[in-house]
Amino acid sequence: MVQLLQAQAVTLRDLIDNFGLAEVQSRSFFAEWQQNLPELTEFEIQYLDKVKAGYLNLRDALPVLERPVQMVIAPLLFLADFYLPPFQVKTERSIEISEQDEGIVIRGTLDIVILKNNFWLLIIESKRLSFSLEVGLAQLLSYMIASSQPERPSYGLLTNGGDFMFVKLIRGETWQYATSDQFATRNQTNGLYDAFRILKRIGQL
């Protein structure tokens, strides 16, 4: 009998047991968030400071739900030129993954996907501000598994508006993933600087 799971209810244990997912602790596995990051221009710094101010204004009007959180994401995508060719931004994409041997089917709707030449370059999952990013990690990974192409890494971004964390997934003999550090918007140095630099780096891959 086929067992149907909704992506938002999937746990990391579900993905480990049914898809052989394994976390990689080596920093070299996901070097893209640490190395060869582009420098910020003065215009980008000013723009990101304004986005931070807008986020803080949203935060003060709690609860911040998913849609307002995505209003923090949209300016970053605009500044990174993800709305221009060769990129395409799609929202509310339905996905389904299955493991025939285990009789498991996972369905869900991802928030944002960025395509580059028809390749799913980056998947973005947003959660309300009151949620830890850990809450959405399994959901994001299930979407990444659904979109993965053999021997090509997939990238994801998990955010609640206040914090950003990037994820890399590779399908080899097993599914392997790693996460970046978390970057906080409210940091004195503005964590959006780091998040944006990583976004730009992924767009250059």
# chains A, B, ... in the order shown; residues from 1 in each chain; ligands from 1
>>> residues_around(residues="Asn36 of chain A", least_positions_apart="6", cutoff="10 Å", atoms="only C-alpha atoms", output="PDB file with N, CA, C and O atoms, in the first residue's frame")
ATOM      1  N   ARG A 197      25.776  37.681  -0.866  1.00  0.00           N
ATOM      2  CA  ARG A 197      27.009  37.270  -1.556  1.00  0.00           C
ATOM      3  C   ARG A 197      26.932  35.800  -1.968  1.00  0.00           C
ATOM      4  O   ARG A 197      27.376  35.424  -3.062  1.00  0.00           O
ATOM      5  N   ILE A 198      26.347  34.972  -1.114  1.00  0.00           N
ATOM      6  CA  ILE A 198      26.200  33.550  -1.450  1.00  0.00           C
ATOM      7  C   ILE A 198      25.193  33.379  -2.576  1.00  0.00           C
ATOM      8  O   ILE A 198      25.390  32.573  -3.488  1.00  0.00           O
ATOM      9  N   ARG A 201      26.933  34.159  -5.712  1.00  0.00           N
ATOM     10  CA  ARG A 201      27.889  33.091  -6.037  1.00  0.00           C
ATOM     11  C   ARG A 201      27.174  31.907  -6.668  1.00  0.00           C
ATOM     12  O   ARG A 201      27.643  31.343  -7.664  1.00  0.00           O
TER      13      ARG A 201
END
>>> closest_atom_pairs(of="segment 138-186 of chain A", to="segment 53-57 of chain A", cutoff="10 Å", atoms="only C-alpha atoms", output="JSON lines")
{"residue": "A:Gly161", "atom": "CA", "partner": "A:Tyr55", "partner_atom": "CA", "distance": 7.2}
{"residue": "A:Gly162", "atom": "CA", "partner": "A:Tyr55", "partner_atom": "CA", "distance": 7.8}
{"residue": "A:Thr185", "atom": "CA", "partner": "A:Tyr55", "partner_atom": "CA", "distance": 8.0}
{"residue": "A:Arg186", "atom": "CA", "partner": "A:Leu56", "partner_atom": "CA", "distance": 7.6}
>>> residues_around(residues="Thr11 of chain A", least_positions_apart="5", cutoff="10 Å", atoms="only C-alpha atoms", output="mmCIF file with C-alpha atoms, in the first residue's frame")
data_model
loop_
_atom_site.group_PDB
_atom_site.id
_atom_site.type_symbol
_atom_site.label_atom_id
_atom_site.label_comp_id
_atom_site.auth_asym_id
_atom_site.auth_seq_id
_atom_site.Cartn_x
_atom_site.Cartn_y
_atom_site.Cartn_z
ATOM 1 C CA ILE A 16 16.981 9.018 5.857
ATOM 2 C CA VAL A 135 11.494 23.102 11.085
ATOM 3 C CA GLY A 136 11.683 23.538 7.312
ATOM 4 C CA LEU A 137 14.913 21.650 6.566
ATOM 5 C CA ALA A 138 13.315 18.277 5.794
ATOM 6 C CA GLN A 139 10.622 19.952 3.673
ATOM 7 C CA LEU A 141 15.355 18.713 1.187
ATOM 8 C CA SER A 142 12.341 16.776 -0.077
#
>>> closest_residue(among="A:Leu40, A:Val10, A:Ala22, A:Ala31", to="Lys200 of chain A", atoms="only C-alpha atoms")
A:Leu40
>>> residues_around(residues="Ile45 of chain A", least_positions_apart="2", cutoff="12 Å", atoms="only C-alpha atoms", output="PyMOL selection string")
chain A and resi 39-43+47-52+76+79+189-194+196-197
>>> write_last_selection(atoms="N, CA, C and O atoms", output="PDB file, in the first residue's frame")
ATOM      1  N   GLU A  39      32.527  40.515  -3.990  1.00  0.00           N
ATOM      2  CA  GLU A  39      32.516  41.662  -3.080  1.00  0.00           C
ATOM      3  C   GLU A  39      31.262  42.495  -3.325  1.00  0.00           C
ATOM      4  O   GLU A  39      30.709  42.515  -4.430  1.00  0.00           O
ATOM      5  N   LEU A  40      30.824  43.185  -2.291  1.00  0.00           N
ATOM      6  CA  LEU A  40      29.641  44.032  -2.409  1.00  0.00           C
ATOM      7  C   LEU A  40      30.030  45.425  -2.889  1.00  0.00           C
ATOM      8  O   LEU A  40      31.052  45.976  -2.480  1.00  0.00           O
ATOM      9  N   THR A  41      29.187  45.982  -3.739  1.00  0.00           N
ATOM     10  CA  THR A  41      29.381  47.373  -4.148  1.00  0.00           C
ATOM     11  C   THR A  41      28.743  48.285  -3.099  1.00  0.00           C
ATOM     12  O   THR A  41      27.936  47.838  -2.255  1.00  0.00           O
ATOM     13  N   GLU A  42      29.064  49.555  -3.150  1.00  0.00           N
ATOM     14  CA  GLU A  42      28.475  50.509  -2.212  1.00  0.00           C
ATOM     15  C   GLU A  42      26.957  50.580  -2.406  1.00  0.00           C
ATOM     16  O   GLU A  42      26.203  50.682  -1.430  1.00  0.00           O
ATOM     17  N   PHE A  43      26.512  50.507  -3.661  1.00  0.00           N
ATOM     18  CA  PHE A  43      25.075  50.520  -3.926  1.00  0.00           C
ATOM     19  C   PHE A  43      24.397  49.304  -3.294  1.00  0.00           C
ATOM     20  O   PHE A  43      23.325  49.425  -2.694  1.00  0.00           O
ATOM     21  N   TYR A  47      21.488  49.253  -0.468  1.00  0.00           N
ATOM     22  CA  TYR A  47      20.232  48.565  -0.782  1.00  0.00           C
ATOM     23  C   TYR A  47      19.917  47.523   0.300  1.00  0.00           C
ATOM     24  O   TYR A  47      18.779  47.446   0.788  1.00  0.00           O
ATOM     25  N   LEU A  48      20.904  46.731   0.682  1.00  0.00           N
ATOM     26  CA  LEU A  48      20.690  45.692   1.684  1.00  0.00           C
ATOM     27  C   LEU A  48      20.393  46.292   3.052  1.00  0.00           C
ATOM     28  O   LEU A  48      19.621  45.722   3.830  1.00  0.00           O
ATOM     29  N   ASP A  49      20.983  47.434   3.355  1.00  0.00           N
ATOM     30  CA  ASP A  49      20.657  48.114   4.610  1.00  0.00           C
ATOM     31  C   ASP A  49      19.192  48.544   4.625  1.00  0.00           C
ATOM     32  O   ASP A  49      18.517  48.472   5.662  1.00  0.00           O
ATOM     33  N   LYS A  50      18.696  48.965   3.464  1.00  0.00           N
ATOM     34  CA  LYS A  50      17.289  49.370   3.373  1.00  0.00           C
ATOM     35  C   LYS A  50      16.373  48.148   3.510  1.00  0.00           C
ATOM     36  O   LYS A  50      15.322  48.223   4.155  1.00  0.00           O
ATOM     37  N   VAL A  51      16.778  47.009   2.909  1.00  0.00           N
ATOM     38  CA  VAL A  51      15.999  45.781   3.068  1.00  0.00           C
ATOM     39  C   VAL A  51      15.960  45.366   4.544  1.00  0.00           C
ATOM     40  O   VAL A  51      14.925  44.960   5.064  1.00  0.00           O
ATOM     41  N   LYS A  52      17.088  45.491   5.220  1.00  0.00           N
ATOM     42  CA  LYS A  52      17.128  45.163   6.652  1.00  0.00           C
ATOM     43  C   LYS A  52      16.171  46.056   7.436  1.00  0.00           C
ATOM     44  O   LYS A  52      15.431  45.572   8.304  1.00  0.00           O
ATOM     45  N   LEU A  76      16.172  40.793  -2.594  1.00  0.00           N
ATOM     46  CA  LEU A  76      17.478  40.148  -2.762  1.00  0.00           C
ATOM     47  C   LEU A  76      17.580  39.512  -4.145  1.00  0.00           C
ATOM     48  O   LEU A  76      18.623  39.592  -4.811  1.00  0.00           O
ATOM     49  N   LEU A  79      18.039  42.301  -6.703  1.00  0.00           N
ATOM     50  CA  LEU A  79      19.386  42.867  -6.680  1.00  0.00           C
ATOM     51  C   LEU A  79      20.409  41.906  -7.291  1.00  0.00           C
ATOM     52  O   LEU A  79      21.385  42.335  -7.902  1.00  0.00           O
ATOM     53  N   THR A 189      26.382  43.670  11.724  1.00  0.00           N
ATOM     54  CA  THR A 189      27.039  43.754  10.416  1.00  0.00           C
ATOM     55  C   THR A 189      26.077  43.426   9.276  1.00  0.00           C
ATOM     56  O   THR A 189      26.487  43.383   8.121  1.00  0.00           O
ATOM     57  N   ASN A 190      24.817  43.179   9.584  1.00  0.00           N
ATOM     58  CA  ASN A 190      23.768  42.872   8.601  1.00  0.00           C
ATOM     59  C   ASN A 190      24.055  41.544   7.893  1.00  0.00           C
ATOM     60  O   ASN A 190      24.798  41.490   6.915  1.00  0.00           O
ATOM     61  N   GLY A 191      23.441  40.482   8.415  1.00  0.00           N
ATOM     62  CA  GLY A 191      23.625  39.157   7.840  1.00  0.00           C
ATOM     63  C   GLY A 191      23.166  39.048   6.397  1.00  0.00           C
ATOM     64  O   GLY A 191      23.517  38.082   5.713  1.00  0.00           O
ATOM     65  N   LEU A 192      22.401  40.019   5.930  1.00  0.00           N
ATOM     66  CA  LEU A 192      21.992  40.016   4.521  1.00  0.00           C
ATOM     67  C   LEU A 192      23.190  40.168   3.590  1.00  0.00           C
ATOM     68  O   LEU A 192      23.153  39.718   2.446  1.00  0.00           O
ATOM     69  N   TYR A 193      24.259  40.799   4.087  1.00  0.00           N
ATOM     70  CA  TYR A 193      25.462  40.916   3.253  1.00  0.00           C
ATOM     71  C   TYR A 193      25.967  39.534   2.854  1.00  0.00           C
ATOM     72  O   TYR A 193      26.240  39.263   1.684  1.00  0.00           O
ATOM     73  N   ASP A 194      26.122  38.672   3.858  1.00  0.00           N
ATOM     74  CA  ASP A 194      26.629  37.320   3.592  1.00  0.00           C
ATOM     75  C   ASP A 194      25.649  36.518   2.748  1.00  0.00           C
ATOM     76  O   ASP A 194      26.041  35.833   1.794  1.00  0.00           O
ATOM     77  N   PHE A 196      23.429  37.557   0.667  1.00  0.00           N
ATOM     78  CA  PHE A 196      23.382  38.049  -0.712  1.00  0.00           C
ATOM     79  C   PHE A 196      24.618  37.628  -1.493  1.00  0.00           C
ATOM     80  O   PHE A 196      24.526  37.271  -2.671  1.00  0.00           O
ATOM     81  N   ARG A 197      25.776  37.681  -0.866  1.00  0.00           N
ATOM     82  CA  ARG A 197      27.009  37.270  -1.556  1.00  0.00           C
ATOM     83  C   ARG A 197      26.932  35.800  -1.968  1.00  0.00           C
ATOM     84  O   ARG A 197      27.376  35.424  -3.062  1.00  0.00           O
TER      85      ARG A 197
END
>>> atom_distance(atom1="atom CA of Met71 of chain A", atom2="atom CA of Ile124 of chain A")
12.7 Å
>>> atom_distance(atom1="atom CA of Pro75 of chain A", atom2="atom CA of Leu169 of chain A")
25.4 Å
>>> closest_residue(among="A:Asp163, A:Asp111, A:Asp14, A:Glu173", to="Leu133 of chain A", atoms="only C-alpha atoms")
A:Asp163
>>> closest_residue(among="A:Phe30, A:Phe78, A:Leu21, A:Phe164", to="Glu44 of chain A", atoms="only C-alpha atoms")
A:Phe78
>>> atom_distance(atom1="atom CA of Ala146 of chain A", atom2="atom CA of Val72 of chain A")
25.8 Å
>>> residues_around(residues="segment 153-159 of chain A", least_positions_apart="4", cutoff="8 Å", atoms="only C-alpha atoms", output="list in words")
Trp120, Leu121, Leu122, Ile123, Ile124, Glu125, Ser126, Lys127, Leu133, Gly136, Leu137, Leu140, Leu141, Met144, Ser147, Ser148, Gln149, Asp163, Phe164, Met165, Phe166, Val167, Lys168, Leu169, Ile170, Arg171 and Ile202 of chain A
>>> closest_residue(among="A:Ala178, A:Leu37, A:Ile73, A:Val113", to="Glu23 of chain A", atoms="only C-alpha atoms")
A:Ala178
